[in-house]
Each structure stands twice: as C-alpha cells, then as structure tokens.
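Read the structure below first, then the notes.
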Amino acid sequence: MTAVETDESTDLSMNETPFPPLPTLRRVVEQGAARLNRYPDRTAAALTAGLAGRLGVGPEAILVGPGSAGLCQHLVQAFGPRPHVVHAALSFEGYPLIIGNAGAQGVPVPMDGYRHDLAAMAAAVTGTTRCVLICNPNNPTGAVLHRAELSAFLDRVPADVPVVIDEAYREFVTDPDVPNALDLYHAYPNVVVLRTFSKAYGLAALRIGYAVVPPALAGPVRMAGAVFFPGALGQAAALRALEPDVTAELERRCATLVASRDRLAAELRGLGLTVAPSQTNFLWLPLGERATPFAESARAAGILVAALDGRGVRITVGSDETNDRLCAFLRSHLTSLT
C-alpha cells in the first residue's frame with residue numbers, strides 16, 4: 001500500500017484511532033518517563049500476569065511483544081524450518097515481508113470475494129507448510145470469518161501446523177457469529193492468537209501487543225523475541241488498560257467508532273461507491289485500476305488514504321469532522337474519480 005505524509009487530522013491511511021489517548025493512560029506514560037534511564041522488564045512479568053488472569057490462560061502461554069506485526073515476525077521465524085507459509089492473497093500487507101524476513105516463502109491463496117477462501121487455504125497446506133496466517137477481521141478488506149467455517153478449516157489442518165489468527169481489529173467486531181479466537185485456542189492444539197494495543201486501545205506509538213501460544217510452541221517463540229522489548233512505558237500503559245474503568249471507556253469509544261463506520265459506509269454507498277462490509281475501523285473500496293488515481297486525487301485535496309494499486313482503497317474511519325470532509329471531497333470529485 002502506498003502512503004504519503006500529510007496533516008494527521010486528515011490521515012485516513014493508517015487505521016489509527018481518531019480519539020486522543022485516554023487521560024489515565026497518558027498519565028501512566030508521563031509518570032514512567034522519570035525512569036527512562038532504566039531497562040524494561042524483559043519478561044514483562046506484570047503485564048503477562050495481568051493478561052493471563054484476564055484471558056484465563058497460564059502465564060506461560062502469553063508472549064508480549066512489539067505489536068501484533070512484530071510478534072507475527074517472531075512466530076513465523078520460530079516455527080521453522082519448513083519453507084512455506086500459507087496466507088490469503090489480499091491480507092495484511094506486512095505478511096509477505098514478515099515471511100521473507102523469516103527465510104520462508106509465501107503461498108498466497110486467492111480470495112473468495114473479500115474473504116479468505118478457507119477451503120482453498122486448507123488444500124494449500126502440505127508437509128512443507130510452516131504455518132498458516134489468518135487475519136480476522138481481514139485487513140484491508142474488513143471481512144470476517146465465522147465460527148463454523150473456521151472450525152471446519154481447523155479440522156482439516158494437521159495438528160503440527162500452527163494456525164496464527166491475527167485479531168488486531170477484534171474490538172470493533174459486532175457480528176455475533178465471529179468467534180473469539182481464544183475459544184478456538186482452547187479447542188485446537190495448534191491455534192495461536194495475536195492481538196494488539198495499537199488500534200482500539202490507542203497505544204500505537206508504544207508498539208505493544210501479545211500472543212497467546214500453545215505451551216508446546218511457547219518456548220521457541222519466546223527465545224525468538226528474547227531482547228529488551230517492548231519498552232517499560234508500553235508495558236505500564238497496557239497493564240493499566242486492562243483495568244475495568246479503562247476497559248469500560250474503551251468499549252464506549254469502540255461503540256462510537258462502529259456507529260461512525262456504519263454511517264460513513266452508508267454515505268459512501270449513497271454516493272454510488274461500492275463499499276465492502278466491514279467489521280473493523282476502516283472501509284474497503286474495491287476500485288481496481290481506479291485505486292491509485294483515487295488516492296492521488298484525495299491526497300491533492302489533503303486527505304490521505306491507503307491504496308493497493310490495481311485492487312482498491314482502504315479508508316480509516318476518522319472523526320466526524322474528518323469523515324464529513326472526506327464525503328464533501330467525494331461529492332465534488334466523484335465524477336472524475338470514478
């Protein structure tokens with residue numbers, strides 16, 4: 001995806017939250033600045049214990065790291081040496097780089113519309129498969145996979161092939177048929193769950209996330225990331241974010257954003273644009289060859305979106321003011337854009 005820096009108030013390219021940091025979390029970071037001369041706890045013991053208690057798993061299953069993308073790199077690296085990693089062809093743009101950095105080869109499986117083609121992905125798993133990557137909800141299309149189809153897929157994948165379910169956008173899901181991947185983790189011995197504090201929690205600058213890993217796989221993965229990160233400020237903020245008062249406010253913010261997402265999608269469809277159904281904090285416009293010209297025109301108007309050349313445009317849901325500005329731009333430029 002292509003992106004160019006612009007004023008952050010009109011940056012709809014990075015899937016960041018439009019809300020400022022929660023005051024409570026900001027105070028934690030400000031207070032922690034007094035200890036910038038000290039190394040962080042490389043075991044992230046307090047955060048690991050907090051996550052384990054909240055998620056109902058043993059602390060040995062928790063791996064804290066630099067966001068879900070950084071943890072994904074550790075996972076793919078640690079799951080070697082088999083050469084192939086199966087993933088959807090139109091999914092998180094970081095996957096091919098992560099796979100290549102781990103010395104593996106990607107096996108991109110064509111999509112079923114906006115969604116992973118799970119039957120085809122299961123068929124692509126062979127004795128040379130290192131792991132499978134599933135992004136649910138999917139980035140950049142916003143589509144989701146449901147409980148029954150994921151269970152049927154996992155029934156077909158050999159138990160010695162890890163299946164990484166990336167839930168970076170889990171907090172924005174309202175579809176009741178989308179499973180909590182932790183339920184699948186408890187039901188299957190090869191499921192790994194990835195989550196982040198970057199999106200809904202608004203801690204993107206601190207780069208912190210976590211993985212829930214089957215105990216048999218946790219040791220090698222932990223060694224792959226055994227350096228001094230994430231930082232102490234990220235650990236402290238994430239731990240505070242698990243407290244009920246913060247969680248309640250984050251849930252309110254997510255509900256507000258979901259309402260804005262649905263409102264923006266309806267407005268864009270009302271303008272004649274095709275908008276994929278979304279369970280995330282962004283919308284996917286399958287513009288094909290018009291994607292790059294669309295993004296360039298938006299940038300000229302001071303609005304930054306993410307374009308995947310020849311495929312489509314991903315637009316993050318922003319503040320009401322920013323969403324209104326996007327719609328105003330589209331009303332005045334739609335003929336030339338489409």
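Identifiers in the structure tokens: chain A, B, ... in order shown; residue index from 1 per chain; ligand index from 1 in order shown.
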
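Every residue of range 80-208 of chain A found in strand (DSSP E or B) when DSSP is run on the backbone appears here: His84, Val85, Val86, His87, Ala88, Gln105, Gly106, Val107, Pro108, Val109, Asp112, Arg115, Thr129, Arg130, Cys131, Val132, Leu133, Ile134, Cys135, Val163, Val164, Ile165, Asp166, Val191, Val192, Val193, Leu194, Arg195 and Thr196 of chain A.
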
Quiz prompt | Residue list (helix (DSSP H, G or I), DSSP) for range 90-165 of chain A, as a VMD selection string | solution = chain A and resid 95 to 101 118 to 124 147 to 156

Write a file of the just-selected residues containing N, CA and C atoms, as a PDB file, in the first residue's frame.
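The file below, part-v6.pdb, is the result:
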ATOM      1  N   TYR A  95       2.512  -9.217   5.771  1.00  0.00           N
ATOM      2  CA  TYR A  95       2.770 -10.654   5.792  1.00  0.00           C
ATOM      3  C   TYR A  95       3.887 -11.083   4.827  1.00  0.00           C
ATOM      4  N   PRO A  96       3.875 -10.651   3.559  1.00  0.00           N
ATOM      5  CA  PRO A  96       4.968 -11.082   2.665  1.00  0.00           C
ATOM      6  C   PRO A  96       6.350 -10.681   3.174  1.00  0.00           C
ATOM      7  N   LEU A  97       6.469  -9.483   3.752  1.00  0.00           N
ATOM      8  CA  LEU A  97       7.761  -9.042   4.290  1.00  0.00           C
ATOM      9  C   LEU A  97       8.150  -9.882   5.500  1.00  0.00           C
ATOM     10  N   ILE A  98       7.198 -10.129   6.381  1.00  0.00           N
ATOM     11  CA  ILE A  98       7.451 -10.959   7.560  1.00  0.00           C
ATOM     12  C   ILE A  98       7.919 -12.346   7.149  1.00  0.00           C
ATOM     13  N   ILE A  99       7.243 -12.919   6.183  1.00  0.00           N
ATOM     14  CA  ILE A  99       7.583 -14.260   5.710  1.00  0.00           C
ATOM     15  C   ILE A  99       8.976 -14.274   5.104  1.00  0.00           C
ATOM     16  N   GLY A 100       9.265 -13.287   4.268  1.00  0.00           N
ATOM     17  CA  GLY A 100      10.590 -13.214   3.647  1.00  0.00           C
ATOM     18  C   GLY A 100      11.690 -13.003   4.662  1.00  0.00           C
ATOM     19  N   ASN A 101      11.446 -12.152   5.660  1.00  0.00           N
ATOM     20  CA  ASN A 101      12.445 -11.900   6.696  1.00  0.00           C
ATOM     21  C   ASN A 101      12.753 -13.147   7.510  1.00  0.00           C
ATOM     22  N   LEU A 118     -11.177 -20.330   2.771  1.00  0.00           N
ATOM     23  CA  LEU A 118     -10.631 -21.292   3.720  1.00  0.00           C
ATOM     24  C   LEU A 118     -10.488 -22.686   3.126  1.00  0.00           C
ATOM     25  N   ALA A 119     -11.392 -23.073   2.254  1.00  0.00           N
ATOM     26  CA  ALA A 119     -11.270 -24.397   1.625  1.00  0.00           C
ATOM     27  C   ALA A 119      -9.998 -24.472   0.790  1.00  0.00           C
ATOM     28  N   ALA A 120      -9.743 -23.424   0.021  1.00  0.00           N
ATOM     29  CA  ALA A 120      -8.533 -23.399  -0.793  1.00  0.00           C
ATOM     30  C   ALA A 120      -7.283 -23.300   0.069  1.00  0.00           C
ATOM     31  N   MET A 121      -7.358 -22.576   1.168  1.00  0.00           N
ATOM     32  CA  MET A 121      -6.207 -22.467   2.061  1.00  0.00           C
ATOM     33  C   MET A 121      -5.899 -23.808   2.718  1.00  0.00           C
ATOM     34  N   ALA A 122      -6.943 -24.538   3.118  1.00  0.00           N
ATOM     35  CA  ALA A 122      -6.716 -25.863   3.696  1.00  0.00           C
ATOM     36  C   ALA A 122      -6.074 -26.791   2.672  1.00  0.00           C
ATOM     37  N   ALA A 123      -6.507 -26.684   1.422  1.00  0.00           N
ATOM     38  CA  ALA A 123      -5.941 -27.522   0.371  1.00  0.00           C
ATOM     39  C   ALA A 123      -4.488 -27.165   0.086  1.00  0.00           C
ATOM     40  N   ALA A 124      -4.102 -25.917   0.382  1.00  0.00           N
ATOM     41  CA  ALA A 124      -2.735 -25.469   0.127  1.00  0.00           C
ATOM     42  C   ALA A 124      -1.748 -25.929   1.202  1.00  0.00           C
ATOM     43  N   ARG A 147     -17.613 -18.721  12.895  1.00  0.00           N
ATOM     44  CA  ARG A 147     -17.232 -19.799  13.805  1.00  0.00           C
ATOM     45  C   ARG A 147     -17.220 -21.167  13.115  1.00  0.00           C
ATOM     46  N   ALA A 148     -18.295 -21.512  12.452  1.00  0.00           N
ATOM     47  CA  ALA A 148     -18.411 -22.849  11.859  1.00  0.00           C
ATOM     48  C   ALA A 148     -17.369 -23.074  10.775  1.00  0.00           C
ATOM     49  N   GLU A 149     -17.144 -22.086   9.936  1.00  0.00           N
ATOM     50  CA  GLU A 149     -16.198 -22.269   8.844  1.00  0.00           C
ATOM     51  C   GLU A 149     -14.755 -22.320   9.354  1.00  0.00           C
ATOM     52  N   LEU A 150     -14.461 -21.554  10.396  1.00  0.00           N
ATOM     53  CA  LEU A 150     -13.122 -21.633  10.963  1.00  0.00           C
ATOM     54  C   LEU A 150     -12.886 -22.983  11.639  1.00  0.00           C
ATOM     55  N   SER A 151     -13.897 -23.485  12.321  1.00  0.00           N
ATOM     56  CA  SER A 151     -13.767 -24.807  12.943  1.00  0.00           C
ATOM     57  C   SER A 151     -13.579 -25.886  11.881  1.00  0.00           C
ATOM     58  N   ALA A 152     -14.342 -25.808  10.793  1.00  0.00           N
ATOM     59  CA  ALA A 152     -14.194 -26.783   9.710  1.00  0.00           C
ATOM     60  C   ALA A 152     -12.799 -26.712   9.096  1.00  0.00           C
ATOM     61  N   PHE A 153     -12.268 -25.506   8.969  1.00  0.00           N
ATOM     62  CA  PHE A 153     -10.912 -25.330   8.448  1.00  0.00           C
ATOM     63  C   PHE A 153      -9.891 -25.954   9.383  1.00  0.00           C
ATOM     64  N   LEU A 154     -10.007 -25.658  10.672  1.00  0.00           N
ATOM     65  CA  LEU A 154      -9.047 -26.184  11.640  1.00  0.00           C
ATOM     66  C   LEU A 154      -9.126 -27.707  11.731  1.00  0.00           C
ATOM     67  N   ASP A 155     -10.289 -28.265  11.493  1.00  0.00           N
ATOM     68  CA  ASP A 155     -10.412 -29.724  11.477  1.00  0.00           C
ATOM     69  C   ASP A 155      -9.593 -30.346  10.349  1.00  0.00           C
ATOM     70  N   ARG A 156      -9.366 -29.585   9.279  1.00  0.00           N
ATOM     71  CA  ARG A 156      -8.636 -30.108   8.112  1.00  0.00           C
ATOM     72  C   ARG A 156      -7.129 -29.900   8.211  1.00  0.00           C
TER      73      ARG A 156
END

Quiz prompt | Cys327 in chain A environment, 8 Å, only C-alpha atoms, sequence neighbours closer than 3 positions dropped, as a PyMOL selection string | solution = chain A and resi 267-268+323-324+330-331

With only C-alpha atoms counted and 9 Å as the cut-off, give the residues of range 215-318 of chain A in contact with range 52-60 of chain A, each with its shortest interatomic distance in Å and the pair that gives it, as a Markdown table.
| residue | atom | partner | partner_atom | distance |
| --- | --- | --- | --- | --- |
| A:Pro215 | CA | A:Glu60 | CA | 6.6 |
| A:Ala218 | CA | A:Glu60 | CA | 7.1 |
| A:Gly219 | CA | A:Glu60 | CA | 8.6 |
| A:Leu242 | CA | A:Arg54 | CA | 7.9 |

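Closest approach to Asp309 in chain A among A:Val221, A:Glu321, A:Arg290, A:Thr24 is made by A:Arg290 (distances from only C-alpha atoms).
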
Wanna dump the range 164-282 of chain A-range 33-48 of chain A contacts at 12 Å for me, each residue with its shortest atom pair and the distance in Å to one decimal, counting only C-alpha atoms, ordered by chain and number, as JSON lines?
{"residue": "A:Ile208", "atom": "CA", "partner": "A:Leu47", "partner_atom": "CA", "distance": 10.7}
{"residue": "A:Gly209", "atom": "CA", "partner": "A:Leu47", "partner_atom": "CA", "distance": 10.5}
{"residue": "A:Tyr210", "atom": "CA", "partner": "A:Thr48", "partner_atom": "CA", "distance": 8.8}
{"residue": "A:Ala211", "atom": "CA", "partner": "A:Thr48", "partner_atom": "CA", "distance": 10.3}
{"residue": "A:Val212", "atom": "CA", "partner": "A:Thr48", "partner_atom": "CA", "distance": 10.4}
{"residue": "A:Arg222", "atom": "CA", "partner": "A:Thr43", "partner_atom": "CA", "distance": 9.5}
{"residue": "A:Met223", "atom": "CA", "partner": "A:Thr43", "partner_atom": "CA", "distance": 11.1}
{"residue": "A:Gly225", "atom": "CA", "partner": "A:Arg42", "partner_atom": "CA", "distance": 9.6}
{"residue": "A:Ala226", "atom": "CA", "partner": "A:Arg42", "partner_atom": "CA", "distance": 7.4}
{"residue": "A:Val227", "atom": "CA", "partner": "A:Arg42", "partner_atom": "CA", "distance": 6.6}
{"residue": "A:Phe228", "atom": "CA", "partner": "A:Arg42", "partner_atom": "CA", "distance": 4.9}
{"residue": "A:Phe229", "atom": "CA", "partner": "A:Arg42", "partner_atom": "CA", "distance": 6.1}
{"residue": "A:Pro230", "atom": "CA", "partner": "A:Pro40", "partner_atom": "CA", "distance": 7.5}
{"residue": "A:Gly231", "atom": "CA", "partner": "A:Pro40", "partner_atom": "CA", "distance": 5.5}
{"residue": "A:Ala232", "atom": "CA", "partner": "A:Pro40", "partner_atom": "CA", "distance": 4.5}
{"residue": "A:Leu233", "atom": "CA", "partner": "A:Ala33", "partner_atom": "CA", "distance": 7.6}
{"residue": "A:Gly234", "atom": "CA", "partner": "A:Pro40", "partner_atom": "CA", "distance": 9.5}
{"residue": "A:Gln235", "atom": "CA", "partner": "A:Leu47", "partner_atom": "CA", "distance": 6.2}
{"residue": "A:Ala236", "atom": "CA", "partner": "A:Leu47", "partner_atom": "CA", "distance": 7.5}
{"residue": "A:Ala237", "atom": "CA", "partner": "A:Leu47", "partner_atom": "CA", "distance": 9.4}
{"residue": "A:Ala238", "atom": "CA", "partner": "A:Leu47", "partner_atom": "CA", "distance": 7.2}
{"residue": "A:Leu239", "atom": "CA", "partner": "A:Leu47", "partner_atom": "CA", "distance": 5.2}
{"residue": "A:Arg240", "atom": "CA", "partner": "A:Leu47", "partner_atom": "CA", "distance": 9.0}
{"residue": "A:Ala241", "atom": "CA", "partner": "A:Leu47", "partner_atom": "CA", "distance": 10.2}
{"residue": "A:Leu242", "atom": "CA", "partner": "A:Leu47", "partner_atom": "CA", "distance": 9.1}
{"residue": "A:Glu243", "atom": "CA", "partner": "A:Leu47", "partner_atom": "CA", "distance": 11.5}

With C-alpha atoms retained, write the just-selected residues as a short mmCIF file (atom, residue, chain, number, x, y, z; two decimals), in the first residue's frame.
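The resulting file, out-v7.cif, is shown below:
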data_model
loop_
_atom_site.label_atom_id
_atom_site.label_comp_id
_atom_site.auth_asym_id
_atom_site.auth_seq_id
_atom_site.Cartn_x
_atom_site.Cartn_y
_atom_site.Cartn_z
CA ILE A 208 2.84 -3.30 22.23
CA GLY A 209 0.75 -6.41 21.69
CA TYR A 210 0.55 -10.01 22.77
CA ALA A 211 0.25 -13.55 21.51
CA VAL A 212 -1.44 -16.49 23.16
CA ARG A 222 9.85 -16.69 23.41
CA MET A 223 13.52 -17.22 22.53
CA GLY A 225 11.93 -12.42 20.88
CA ALA A 226 14.26 -12.53 23.89
CA VAL A 227 15.53 -8.96 23.75
CA PHE A 228 14.63 -5.93 25.84
CA PHE A 229 11.27 -5.02 24.40
CA PRO A 230 8.59 -3.90 24.50
CA GLY A 231 9.53 -0.81 26.46
CA ALA A 232 8.58 -0.10 30.05
CA LEU A 233 6.13 2.67 29.11
CA GLY A 234 4.22 0.36 26.79
CA GLN A 235 4.09 -2.37 29.41
CA ALA A 236 2.80 0.02 32.07
CA ALA A 237 0.16 1.59 29.80
CA ALA A 238 -1.06 -1.79 28.54
CA LEU A 239 -1.33 -3.14 32.09
CA ARG A 240 -3.37 -0.10 33.17
CA ALA A 241 -5.57 -0.53 30.08
CA LEU A 242 -6.72 -3.91 31.41
CA GLU A 243 -8.38 -2.30 34.44
#

With a cut-off of 10 Å, could you pull out the residues of range 42-126 of chain A touching range 134-138 of chain A and give me the nearest pair of atoms for each, distance in Å to one decimal, using only C-alpha atoms, ordered by chain and ascending number, as a Markdown table?
| residue | atom | partner | partner_atom | distance |
| --- | --- | --- | --- | --- |
| A:Val86 | CA | A:Ile134 | CA | 8.8 |
| A:His87 | CA | A:Ile134 | CA | 6.5 |
| A:Ala88 | CA | A:Ile134 | CA | 7.3 |
| A:Leu90 | CA | A:Asn138 | CA | 8.6 |
| A:Ser91 | CA | A:Asn138 | CA | 6.2 |
| A:Phe92 | CA | A:Cys135 | CA | 7.3 |
| A:Tyr114 | CA | A:Asn138 | CA | 8.5 |
| A:Arg115 | CA | A:Asn138 | CA | 7.4 |
| A:His116 | CA | A:Ile134 | CA | 7.9 |
| A:Leu118 | CA | A:Ile134 | CA | 9.3 |
| A:Met121 | CA | A:Ile134 | CA | 9.7 |

What would the file look like if the residues just selected were written as a PDB file, in the first residue's frame with N, CA and C atoms?
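Contents of the output file again07.pdb:
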ATOM      1  N   VAL A  86       1.284 -20.284   4.407  1.00  0.00           N
ATOM      2  CA  VAL A  86       0.040 -20.087   3.676  1.00  0.00           C
ATOM      3  C   VAL A  86      -0.690 -18.861   4.225  1.00  0.00           C
ATOM      4  N   HIS A  87      -1.164 -18.004   3.318  1.00  0.00           N
ATOM      5  CA  HIS A  87      -1.914 -16.822   3.739  1.00  0.00           C
ATOM      6  C   HIS A  87      -2.834 -16.392   2.608  1.00  0.00           C
ATOM      7  N   ALA A  88      -3.810 -15.559   2.923  1.00  0.00           N
ATOM      8  CA  ALA A  88      -4.721 -15.047   1.907  1.00  0.00           C
ATOM      9  C   ALA A  88      -3.980 -14.047   1.016  1.00  0.00           C
ATOM     10  N   LEU A  90      -4.992 -11.330  -0.456  1.00  0.00           N
ATOM     11  CA  LEU A  90      -5.257  -9.918  -0.186  1.00  0.00           C
ATOM     12  C   LEU A  90      -5.508  -9.760   1.310  1.00  0.00           C
ATOM     13  N   SER A  91      -4.421  -9.686   2.061  1.00  0.00           N
ATOM     14  CA  SER A  91      -4.498  -9.567   3.505  1.00  0.00           C
ATOM     15  C   SER A  91      -3.446  -8.577   3.966  1.00  0.00           C
ATOM     16  N   PHE A  92      -3.112  -8.579   5.240  1.00  0.00           N
ATOM     17  CA  PHE A  92      -2.177  -7.597   5.792  1.00  0.00           C
ATOM     18  C   PHE A  92      -0.927  -7.494   4.938  1.00  0.00           C
ATOM     19  N   TYR A 114     -14.246 -10.802  -0.794  1.00  0.00           N
ATOM     20  CA  TYR A 114     -13.491 -10.003   0.165  1.00  0.00           C
ATOM     21  C   TYR A 114     -12.892 -10.863   1.268  1.00  0.00           C
ATOM     22  N   ARG A 115     -13.170 -12.163   1.255  1.00  0.00           N
ATOM     23  CA  ARG A 115     -12.868 -13.030   2.391  1.00  0.00           C
ATOM     24  C   ARG A 115     -11.796 -14.063   2.043  1.00  0.00           C
ATOM     25  N   HIS A 116     -11.171 -14.606   3.100  1.00  0.00           N
ATOM     26  CA  HIS A 116     -10.284 -15.744   2.928  1.00  0.00           C
ATOM     27  C   HIS A 116     -11.076 -16.912   2.321  1.00  0.00           C
ATOM     28  N   LEU A 118     -11.177 -20.330   2.771  1.00  0.00           N
ATOM     29  CA  LEU A 118     -10.631 -21.292   3.720  1.00  0.00           C
ATOM     30  C   LEU A 118     -10.488 -22.686   3.126  1.00  0.00           C
ATOM     31  N   MET A 121      -7.358 -22.576   1.168  1.00  0.00           N
ATOM     32  CA  MET A 121      -6.207 -22.467   2.061  1.00  0.00           C
ATOM     33  C   MET A 121      -5.899 -23.808   2.718  1.00  0.00           C
TER      34      MET A 121
END

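The residue that comes closest to Ser68 in chain A, out of A:Val125, A:Ala102, A:Leu194, A:Ala265 and on the basis of only C-alpha atoms, is A:Leu194.
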
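Nearest to Val164 in chain A of all the residues A:Ala306, A:Ala69, A:Cys131, A:Ala78 is A:Cys131, based on only C-alpha atoms.
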
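Among A:Val178, A:Gly312, A:Val76, A:Trp284, the residue with the shortest atom-to-atom distance to Val192 in chain A, counting only C-alpha atoms, is A:Val76.
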
Can you list, as a PDB file with all heavy atoms, in the first residue's frame, every protein, DNA or RNA residue that comes within 8 Å of Phe19 in chain A when you count only C-alpha atoms, leaving out same-chain residues fewer than 2 positions away?
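File produced: selection-v9.pdb:
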ATOM      1  N   THR A  17      -6.771   5.105  15.754  1.00  0.00           N
ATOM      2  CA  THR A  17      -7.990   5.629  16.344  1.00  0.00           C
ATOM      3  C   THR A  17      -8.026   7.147  16.200  1.00  0.00           C
ATOM      4  O   THR A  17      -6.986   7.800  16.298  1.00  0.00           O
ATOM      5  CB  THR A  17      -8.093   5.244  17.834  1.00  0.00           C
ATOM      6  OG1 THR A  17      -9.292   5.815  18.372  1.00  0.00           O
ATOM      7  CG2 THR A  17      -6.901   5.746  18.627  1.00  0.00           C
ATOM      8  N   PRO A  21      -5.268   9.916  23.298  1.00  0.00           N
ATOM      9  CA  PRO A  21      -5.024   8.919  24.352  1.00  0.00           C
ATOM     10  C   PRO A  21      -5.925   9.176  25.559  1.00  0.00           C
ATOM     11  O   PRO A  21      -6.196  10.332  25.910  1.00  0.00           O
ATOM     12  CB  PRO A  21      -3.546   9.135  24.707  1.00  0.00           C
ATOM     13  CG  PRO A  21      -2.949   9.828  23.527  1.00  0.00           C
ATOM     14  CD  PRO A  21      -4.051  10.665  22.935  1.00  0.00           C
ATOM     15  N   GLY A 202      -5.509   2.633  21.354  1.00  0.00           N
ATOM     16  CA  GLY A 202      -4.877   3.910  21.067  1.00  0.00           C
ATOM     17  C   GLY A 202      -3.445   4.032  21.542  1.00  0.00           C
ATOM     18  O   GLY A 202      -2.979   5.134  21.844  1.00  0.00           O
ATOM     19  N   ARG A 253     -15.824   3.978  23.440  1.00  0.00           N
ATOM     20  CA  ARG A 253     -15.184   4.559  22.259  1.00  0.00           C
ATOM     21  C   ARG A 253     -15.353   3.657  21.035  1.00  0.00           C
ATOM     22  O   ARG A 253     -15.620   4.132  19.922  1.00  0.00           O
ATOM     23  CB  ARG A 253     -13.698   4.800  22.519  1.00  0.00           C
ATOM     24  CG  ARG A 253     -13.416   5.967  23.441  1.00  0.00           C
ATOM     25  CD  ARG A 253     -11.931   6.240  23.557  1.00  0.00           C
ATOM     26  NE  ARG A 253     -11.658   7.505  24.226  1.00  0.00           N
ATOM     27  CZ  ARG A 253     -10.484   8.126  24.214  1.00  0.00           C
ATOM     28  NH1 ARG A 253      -9.465   7.579  23.566  1.00  0.00           N
ATOM     29  NH2 ARG A 253     -10.321   9.277  24.836  1.00  0.00           N
ATOM     30  N   SER A 319     -12.580  11.040  12.699  1.00  0.00           N
ATOM     31  CA  SER A 319     -13.525  11.819  13.493  1.00  0.00           C
ATOM     32  C   SER A 319     -14.701  12.219  12.600  1.00  0.00           C
ATOM     33  O   SER A 319     -14.627  12.145  11.366  1.00  0.00           O
ATOM     34  CB  SER A 319     -12.845  13.070  14.036  1.00  0.00           C
ATOM     35  OG  SER A 319     -12.464  13.925  12.965  1.00  0.00           O
TER      36      SER A 319
END

Quiz item: Quick one: distance from CA of Ala61 in chain A to CA of Arg130 in chain A in Å, one decimal?
Solution: 19.9 Å

Quiz item: Which residue out of A:Ile62, A:Cys72, A:Leu133, A:Ala89 has the minimum interatomic distance to Pro110 in chain A when only C-alpha atoms are used?
Solution: A:Ala89

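Take the candidates A:Gly142, A:Val275, A:Pro162, A:Ser332 and check each one against Ala298 in chain A using only C-alpha atoms; the shortest distance goes to A:Ser332.
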